[in-house]
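Trainee: Sharing input.cif here; it has mmCIF, C-alpha atoms and all ligand atoms.
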```cif
data_final
loop_
_atom_site.label_atom_id
_atom_site.label_comp_id
_atom_site.auth_asym_id
_atom_site.auth_seq_id
_atom_site.Cartn_x
_atom_site.Cartn_y
_atom_site.Cartn_z
CA MET A 1 176.32 138.70 24.93
CA PRO A 2 175.18 142.31 24.34
CA ASP A 3 173.13 143.76 27.21
CA ASP A 4 170.24 144.72 24.97
CA LEU A 5 169.00 142.40 22.26
CA SER A 6 165.73 144.13 21.37
CA PRO A 7 165.91 147.86 20.65
CA THR A 8 162.62 147.96 18.72
CA VAL A 9 160.10 147.12 21.46
CA ALA A 10 159.28 148.58 24.86
CA VAL A 11 161.32 145.95 26.67
CA SER A 12 165.03 145.29 26.97
CA ILE A 13 166.18 141.69 26.93
CA ARG A 14 169.11 140.72 29.17
CA PRO A 15 170.39 137.67 31.04
CA MET A 16 168.70 137.06 34.38
CA GLU A 17 170.54 138.10 37.54
CA ALA A 18 170.09 136.73 41.06
CA GLU A 19 168.21 139.93 41.99
CA ASP A 20 165.47 138.97 39.51
CA ALA A 21 164.66 135.76 41.40
CA ALA A 22 161.51 137.00 43.17
CA THR A 23 159.90 138.33 39.99
CA VAL A 24 160.96 135.32 37.94
CA ALA A 25 159.49 133.05 40.64
CA ALA A 26 156.19 134.93 40.56
CA LEU A 27 156.07 134.61 36.77
CA SER A 28 156.91 130.93 37.07
CA GLY A 29 153.74 130.61 39.14
CA GLU A 30 151.80 132.18 36.26
CA LEU A 31 153.29 129.55 33.99
CA GLY A 32 151.96 126.86 36.31
CA TYR A 33 155.22 125.97 38.02
CA PRO A 34 155.20 127.67 41.43
CA ALA A 35 158.64 128.19 42.97
CA SER A 36 160.06 130.28 45.78
CA PRO A 37 162.56 133.07 45.09
CA ASP A 38 165.23 131.05 46.92
CA GLN A 39 164.57 127.99 44.77
CA VAL A 40 164.78 130.07 41.60
CA ALA A 41 168.02 131.74 42.75
CA THR A 42 169.56 128.34 43.52
CA ARG A 43 168.51 126.93 40.15
CA LEU A 44 169.85 129.97 38.32
CA GLU A 45 173.20 129.29 39.95
CA GLN A 46 172.98 125.64 38.85
CA VAL A 47 172.11 126.68 35.29
CA ARG A 48 175.12 128.99 35.25
CA ARG A 49 177.51 126.38 36.64
CA SER A 50 176.40 123.65 34.26
CA ALA A 51 176.47 126.05 31.28
CA ARG A 52 180.15 125.29 30.80
CA GLU A 53 179.14 121.77 29.71
CA GLN A 54 175.57 122.45 28.62
CA PRO A 55 175.15 126.01 27.32
CA ALA A 56 172.03 127.69 28.72
CA VAL A 57 170.75 131.11 29.63
CA VAL A 58 167.70 132.58 31.31
CA LEU A 59 166.72 135.79 29.54
CA VAL A 60 164.46 138.37 31.13
CA ALA A 61 162.41 141.12 29.52
CA GLU A 62 162.59 144.39 31.38
CA ASP A 63 160.00 147.11 30.84
CA ARG A 64 161.97 150.10 29.56
CA LEU A 65 159.76 152.60 31.38
CA THR A 66 159.44 150.98 34.80
CA GLY A 67 162.48 148.72 34.92
CA GLN A 68 160.14 145.90 35.97
CA VAL A 69 160.86 142.36 34.76
CA VAL A 70 157.76 141.28 32.82
CA GLY A 71 158.80 137.98 31.26
CA TRP A 72 161.48 135.35 31.00
CA ALA A 73 162.70 132.59 28.71
CA HIS A 74 165.06 129.72 29.47
CA VAL A 75 166.98 128.39 26.49
CA CYS A 76 169.45 125.53 26.52
CA VAL A 77 171.58 123.47 24.17
CA PRO A 78 171.15 120.04 25.78
CA VAL A 79 173.99 117.54 25.75
CA ASP A 80 172.18 114.93 23.70
CA LEU A 81 173.54 111.63 22.45
CA VAL A 82 171.59 111.66 19.21
CA LYS A 83 170.57 115.25 18.42
CA ALA A 84 173.03 118.09 17.91
CA ASN A 85 172.83 121.76 16.94
CA THR A 86 169.35 122.10 18.41
CA ALA A 87 168.36 124.46 21.20
CA ASP A 88 165.42 123.81 23.50
CA ILE A 89 163.19 126.47 24.99
CA TRP A 90 162.60 125.10 28.47
CA GLY A 91 160.30 127.86 29.68
CA LEU A 92 158.68 131.04 28.46
CA VAL A 93 156.22 133.34 30.17
CA VAL A 94 155.10 136.95 29.92
CA ALA A 95 153.22 138.63 32.78
CA SER A 96 149.48 138.47 32.19
CA THR A 97 149.42 142.28 32.53
CA HIS A 98 151.92 142.70 29.68
CA ARG A 99 150.83 140.19 27.04
CA GLY A 100 150.06 141.19 23.48
CA ARG A 101 152.73 143.90 23.30
CA GLY A 102 155.54 142.03 21.57
CA THR A 103 157.36 140.88 24.70
CA GLY A 104 157.05 137.17 23.95
CA ARG A 105 158.25 137.77 20.40
CA ALA A 106 161.23 139.78 21.70
CA LEU A 107 162.16 137.02 24.17
CA MET A 108 161.94 134.35 21.46
CA ALA A 109 164.01 136.46 19.03
CA ALA A 110 166.68 136.89 21.69
CA ALA A 111 166.59 133.16 22.51
CA GLU A 112 166.97 132.33 18.81
CA ALA A 113 169.88 134.75 18.44
CA TRP A 114 171.53 133.21 21.49
CA ALA A 115 170.98 129.70 20.07
CA ALA A 116 172.44 130.67 16.69
CA SER A 117 175.47 132.18 18.42
CA HIS A 118 175.96 128.78 20.11
CA GLY A 119 176.04 126.92 16.82
CA CYS A 120 172.39 125.84 16.69
CA ARG A 121 170.50 125.53 13.44
CA GLU A 122 167.12 124.76 15.00
CA VAL A 123 165.08 125.80 18.03
CA ARG A 124 162.62 123.32 19.50
CA LEU A 125 160.06 123.52 22.26
CA ARG A 126 157.35 121.43 23.83
CA SER A 127 154.04 122.96 24.81
CA GLY A 128 151.20 121.30 26.73
CA SER A 129 148.12 120.48 24.68
CA HIS A 130 146.00 122.81 26.85
CA ARG A 131 148.08 125.90 25.96
CA ILE A 132 146.01 126.76 22.92
CA GLU A 133 146.94 130.46 22.97
CA ALA A 134 150.65 129.75 23.23
CA HIS A 135 150.34 127.44 20.21
CA ALA A 136 148.86 130.27 18.15
CA PHE A 137 151.72 132.50 19.33
CA TYR A 138 154.39 129.96 18.29
CA GLU A 139 152.76 129.42 14.91
CA ARG A 140 152.69 133.19 14.39
CA LEU A 141 156.44 133.15 15.00
CA GLY A 142 156.96 130.48 12.35
CA TYR A 143 157.10 127.39 14.54
CA ARG A 144 155.38 124.27 13.26
CA VAL A 145 154.21 121.09 15.03
CA THR A 146 156.65 118.35 14.07
CA LYS A 147 155.59 115.63 16.50
CA THR A 148 152.94 114.89 19.14
CA GLN A 149 153.90 112.98 22.26
CA LEU A 150 152.55 111.62 25.52
CA THR A 151 154.39 112.40 28.74
CA PHE A 152 154.64 109.50 31.19
CA SER A 153 155.80 109.85 34.78
CA ARG A 154 155.73 107.81 37.99
CA SER A 155 156.31 109.10 41.50
CA LEU A 156 159.26 107.43 43.23
CA ASP A 157 157.82 108.44 46.62
CA GLU A 158 155.53 105.40 46.44
CA ASP A 159 158.47 102.98 46.48
C1 LIG A 201 152.54 132.76 24.98
C2 LIG A 201 153.09 134.11 25.50
C3 LIG A 201 154.52 133.94 25.99
C4 LIG A 201 153.04 135.14 24.35
O1 LIG A 201 153.63 136.34 24.80
P1 LIG A 201 153.08 137.77 24.32
O2 LIG A 201 154.02 138.81 24.80
O3 LIG A 201 151.66 137.94 24.72
O4 LIG A 201 153.15 137.63 22.73
P2 LIG A 201 153.48 138.79 21.67
O5 LIG A 201 152.70 140.00 22.06
O6 LIG A 201 154.94 138.94 21.54
O7 LIG A 201 152.88 138.16 20.35
C5 LIG A 201 153.71 137.87 19.20
C6 LIG A 201 152.80 137.53 18.04
O8 LIG A 201 152.01 136.38 18.38
C7 LIG A 201 150.63 136.70 18.25
N1 LIG A 201 149.88 136.09 19.34
C8 LIG A 201 150.19 136.14 20.65
N2 LIG A 201 149.25 135.47 21.36
C9 LIG A 201 148.34 135.03 20.44
C10 LIG A 201 147.13 134.30 20.54
N3 LIG A 201 146.66 133.90 21.73
N4 LIG A 201 146.46 134.02 19.41
C11 LIG A 201 146.92 134.42 18.20
N5 LIG A 201 148.08 135.13 18.05
C12 LIG A 201 148.75 135.41 19.15
C13 LIG A 201 150.53 138.20 18.38
O9 LIG A 201 149.39 138.70 17.74
C14 LIG A 201 151.81 138.65 17.74
O10 LIG A 201 151.69 138.72 16.36
P3 LIG A 201 152.25 140.00 15.53
O11 LIG A 201 153.61 140.33 16.14
O12 LIG A 201 152.35 139.53 14.15
O13 LIG A 201 151.26 141.08 15.77
C15 LIG A 201 152.19 134.65 26.65
O14 LIG A 201 150.85 134.69 26.18
C16 LIG A 201 152.23 133.82 27.92
O15 LIG A 201 153.08 134.03 28.76
N6 LIG A 201 151.28 132.87 28.09
C17 LIG A 201 151.18 132.08 29.32
C18 LIG A 201 152.36 131.15 29.53
C19 LIG A 201 152.55 130.18 28.38
O16 LIG A 201 151.61 129.57 27.87
N7 LIG A 201 153.82 130.02 27.99
C20 LIG A 201 154.21 129.12 26.94
C21 LIG A 201 154.44 127.78 27.51
S1 LIG A 201 154.87 126.57 26.27
#
```
Would you mind writing the file's structure down as structure tokens?
Mentor:
Amino acid sequence: MPDDLSPTVAVSIRPMEAEDAATVAALSGELGYPASPDQVATRLEQVRRSAREQPAVVLVAEDRLTGQVVGWAHVCVPVDLVKANTADIWGLVVASTHRGRGTGRALMAAAEAWAASHGCREVRLRSGSHRIEAHAFYERLGYRVTKTQLTFSRSLDED
């Protein structure tokens, strides 16, 4: 993959490195999924190892002026029994201090380019019903709602 997938905006997009774990963890908290830097570093390693079977990458957006990581996106081509050639965006966040400057668009463009280079013909994502602003963002980028779902879960700790 080229190091820089977005020459036209004030961020560079590149694959995440272990050194980015602390910033990516902090941004994950902004997304509503708090994680420690160690947890994020461990999961990045797992993503990389499993990518041989299930292609995936975590992309980060780096501010060209400061070198600071200001957003990330996780894109994956899941090994799915019934659906092929479709990439999933499993996470996307831009620092609250850097929103509205094209960073989210740049991350999504890079994720789409990565997906296309892995044989995908569609990119799909799920977004909680409360994320009204993110929905407007996705629609602006040409994404359309194709299905609404309920998420069910049950804690196994009670057993
Ligand atoms: C959603 C998010 C990633 C967007 O990132 P961003 O860097 O602010 O978005 P951009 O500046 O690249 O915006 C791209 C386009 O979407 C539009 N857009 C962005 N947010 C919008 C909003 N709330 N309402 C309407 N349009 C919006 C922009 O105007 C822009 O359009 P343009 O390029 O035609 O001018 C960011 O707001 C975020 O991290 N939100 C919190 C986490 C989150 O909800 N993540 C998604 C989980 S599913």
Trainee: Which residue gives the smallest distance to ligand LIG 201 (chain A) among A:Thr103, A:Ser129, A:Thr66, A:Ser117, with only C-alpha atoms and all ligand atoms counted?
Mentor: A:Thr103
Trainee: Would you mind listing what lies within 12 Å of Leu31 of chain A as a PDB file with C-alpha atoms, in the coordinates of the input, with only C-alpha atoms counted and same-chain residues fewer than 2 positions away left out?
Mentor:
```pdb
ATOM      1  CA  VAL A  24     160.960 135.320  37.940  1.00  0.00           C
ATOM      2  CA  ALA A  25     159.490 133.050  40.640  1.00  0.00           C
ATOM      3  CA  ALA A  26     156.190 134.930  40.560  1.00  0.00           C
ATOM      4  CA  LEU A  27     156.070 134.610  36.770  1.00  0.00           C
ATOM      5  CA  SER A  28     156.910 130.930  37.070  1.00  0.00           C
ATOM      6  CA  GLY A  29     153.740 130.610  39.140  1.00  0.00           C
ATOM      7  CA  TYR A  33     155.220 125.970  38.020  1.00  0.00           C
ATOM      8  CA  PRO A  34     155.200 127.670  41.430  1.00  0.00           C
ATOM      9  CA  ALA A  35     158.640 128.190  42.970  1.00  0.00           C
ATOM     10  CA  GLY A  71     158.800 137.980  31.260  1.00  0.00           C
ATOM     11  CA  TRP A  72     161.480 135.350  31.000  1.00  0.00           C
ATOM     12  CA  ALA A  73     162.700 132.590  28.710  1.00  0.00           C
ATOM     13  CA  TRP A  90     162.600 125.100  28.470  1.00  0.00           C
ATOM     14  CA  GLY A  91     160.300 127.860  29.680  1.00  0.00           C
ATOM     15  CA  LEU A  92     158.680 131.040  28.460  1.00  0.00           C
ATOM     16  CA  VAL A  93     156.220 133.340  30.170  1.00  0.00           C
ATOM     17  CA  VAL A  94     155.100 136.950  29.920  1.00  0.00           C
ATOM     18  CA  ALA A  95     153.220 138.630  32.780  1.00  0.00           C
ATOM     19  CA  SER A  96     149.480 138.470  32.190  1.00  0.00           C
ATOM     20  CA  SER A 127     154.040 122.960  24.810  1.00  0.00           C
ATOM     21  CA  GLY A 128     151.200 121.300  26.730  1.00  0.00           C
ATOM     22  CA  ARG A 131     148.080 125.900  25.960  1.00  0.00           C
ATOM     23  CA  ALA A 134     150.650 129.750  23.230  1.00  0.00           C
TER      24      ALA A 134
END
```
Trainee: Report, as JSON, the axis-aligned box around all atoms of segment 24-28 of chain A present in the file, extended by 3 Å on each side; give centre and edge lengths in Å to one decimal place.
Mentor:
```
{"center_x": 158.5, "center_y": 133.1, "center_z": 38.7, "size_x": 10.9, "size_y": 10.4, "size_z": 9.9}
```
Trainee: Go through A:Arg126, A:Ala22, A:Ala61, A:Val75 one by one, measure the shortest atom-to-atom distance of each to Gln149 of chain A using only C-alpha atoms, and give the residue with the smallest value.
Mentor: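 Closest candidate: A:Arg126.
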Trainee: Could you give me, as a list of chain:residue names, the residues that have an atom at most 12 Å away from the point (151.0, 142.2, 19.8) in the coordinates of the file, using all atoms listed in the file?
Mentor: A:Val9, A:Ala10, A:His98, A:Arg99, A:Gly100, A:Arg101, A:Gly102, A:Thr103, A:Gly104, A:Arg105, A:Ala106, A:Phe137, A:Arg140, A:Leu141
Trainee: Looking at A:Leu81, A:Ala111, A:Val145, A:Val69, which one is nearest to Glu19 of chain A, with distances taken over only C-alpha atoms?
Mentor: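 Of A:Leu81, A:Ala111, A:Val145, A:Val69, the one nearest Glu19 of chain A, counting only C-alpha atoms, is A:Val69.
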Trainee: Could you tell me how far atom O8 of ligand LIG 201 (chain A) lies from atom CA of Val60 of chain A, in Å and to one decimal?
Mentor: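 For atom O8 of ligand LIG 201 (chain A) relative to atom CA of Val60 of chain A, the distance reads 17.9 Å.
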Trainee: What does the structure give for the distance between atom CA of His130 of chain A and atom N6 of ligand LIG 201 (chain A), in Å to one decimal?
Mentor: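 That distance, rounded to one decimal, is 11.4 Å.
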